[in-house]
Amino acid sequence: MLLIVKDIRKSYATADGPFTVLDGINLTLDAGETLALTGESGSGKSTLLHLIGGLDTPDSGQILLNDTEIATLDDNGRAALRRGTVGVVFQQFNLIPSLKVADNIAFQARLAGRHDPAWTAVLADRMGLTKQLGKYPEQLSGGQQQRVAIARTLAPKPRLVLADEPTGNLDEATAATVLDLMLELVAQTGAGLLMVTHSQALAGRMQRRLHLRQGRIV
């Protein structure tokens, strides 16, 4: 089992008192498995992804990744986790504007000490970016920038890929193409994929799906 989430709870302080975002979440994910997480805005999907990615810590419960409990790691440990074990595709591309496409793709892998020029070239080719490698992010379309972000995430060959609305900025046809490539590349690397999406069509492409409502899986 690659990922085990046990009874995760998370609340945030508000002027009216604590607001519960996640209320006892349980899920598992095997290596090589794909899982869609759906739900209305505000249901806690992105919060859960951030907790699994070590970007935030739960109030209670356990998140085990490769038998390592993420909540027990310090800031450096969680940063190391994101560099090498977990890859995150955000809604925003978060590309580095001063770096060309080739260096953006390689950036995460270099941080992890796992830069593989041959694998980077494969990613660029499969994402249709070979002719864009010498350009800067501002010279690309939104769809091209999203493909760069996905390639960057896959470059270190993470064990777990977390994708938060990875095609949310794309038109339907481009979204389908990007998801095709993402599923293919994840299958090649044997990574697990947990994707947050509002799209029932995209969720239907995954092996399993879970639905969040008001902080609970229903």
# chains A, B, ... in the order shown; residues from 1 in each chain; ligands from 1
$ residues_around --residues "Gly190 of chain A" --least-positions-apart "3" --cutoff "7 Å" --atoms "only C-alpha atoms" --output "PyMOL selection string"
chain A and resi 31-32+186-187
$ write_last_selection --atoms "C-alpha atoms" --output "PDB file, in the first residue's frame"
ATOM      1  CA  ALA A  31       1.303   2.061  -6.313  1.00  0.00           C
ATOM      2  CA  GLY A  32       0.217   2.290  -9.936  1.00  0.00           C
ATOM      3  CA  VAL A 186       2.172   7.699 -14.533  1.00  0.00           C
ATOM      4  CA  ALA A 187       1.633   4.122 -15.731  1.00  0.00           C
TER       5      ALA A 187
END
$ select_by_dssp --residues "segment 16-154 of chain A" --states "strand (DSSP E or B)" --output "NGL selection string"
:A and (17-29 or 34-39 or 60-65 or 68-69 or 86-89)
$ residues_around --residues "Ala112 of chain A" --least-positions-apart "5" --cutoff "12 Å" --atoms "only C-alpha atoms" --output "list of chain:residue names"
A:Ala79, A:Ala80, A:Leu81, A:Arg82, A:Arg83, A:Gly84, A:Thr85, A:Val86, A:Gly87, A:Ala106, A:Phe107, A:Arg152, A:Thr153, A:Leu154, A:Ala155, A:Pro156, A:Lys157, A:Pro158
$ residues_around --residues "Thr130 of chain A" --least-positions-apart "5" --cutoff "8 Å" --atoms "only C-alpha atoms" --output "PyMOL selection string"
chain A and resi 121+124-125
$ atom_distance --atom1 "atom CA of Tyr12 of chain A" --atom2 "atom CA of Leu73 of chain A"
21.1 Å
$ residues_around --residues "Thr177 of chain A" --least-positions-apart "5" --cutoff "10 Å" --atoms "only C-alpha atoms" --output "PyMOL selection string"
chain A and resi 127+167+172+182
$ write_last_selection --atoms "N, CA and C atoms" --output "CSV table (one decimal), in the first residue's frame"
chain,number,residue,atom,x,y,z
A,127,MET,N,4.8,15.3,-24.1
A,127,MET,CA,4.0,16.5,-23.8
A,127,MET,C,4.0,17.5,-24.9
A,167,THR,N,-6.3,20.1,-15.1
A,167,THR,CA,-6.7,20.5,-16.4
A,167,THR,C,-7.7,21.6,-16.3
A,172,GLU,N,-11.8,21.6,-23.2
A,172,GLU,CA,-12.1,20.2,-23.1
A,172,GLU,C,-11.2,19.3,-23.9
A,182,MET,N,-0.8,12.2,-19.1
A,182,MET,CA,-0.5,12.1,-17.7
A,182,MET,C,-0.7,10.6,-17.2
$ closest_residue --among "A:Leu179, A:Phe93, A:Ala118, A:Ile4" --to "Ser141 of chain A" --atoms "only C-alpha atoms"
A:Phe93
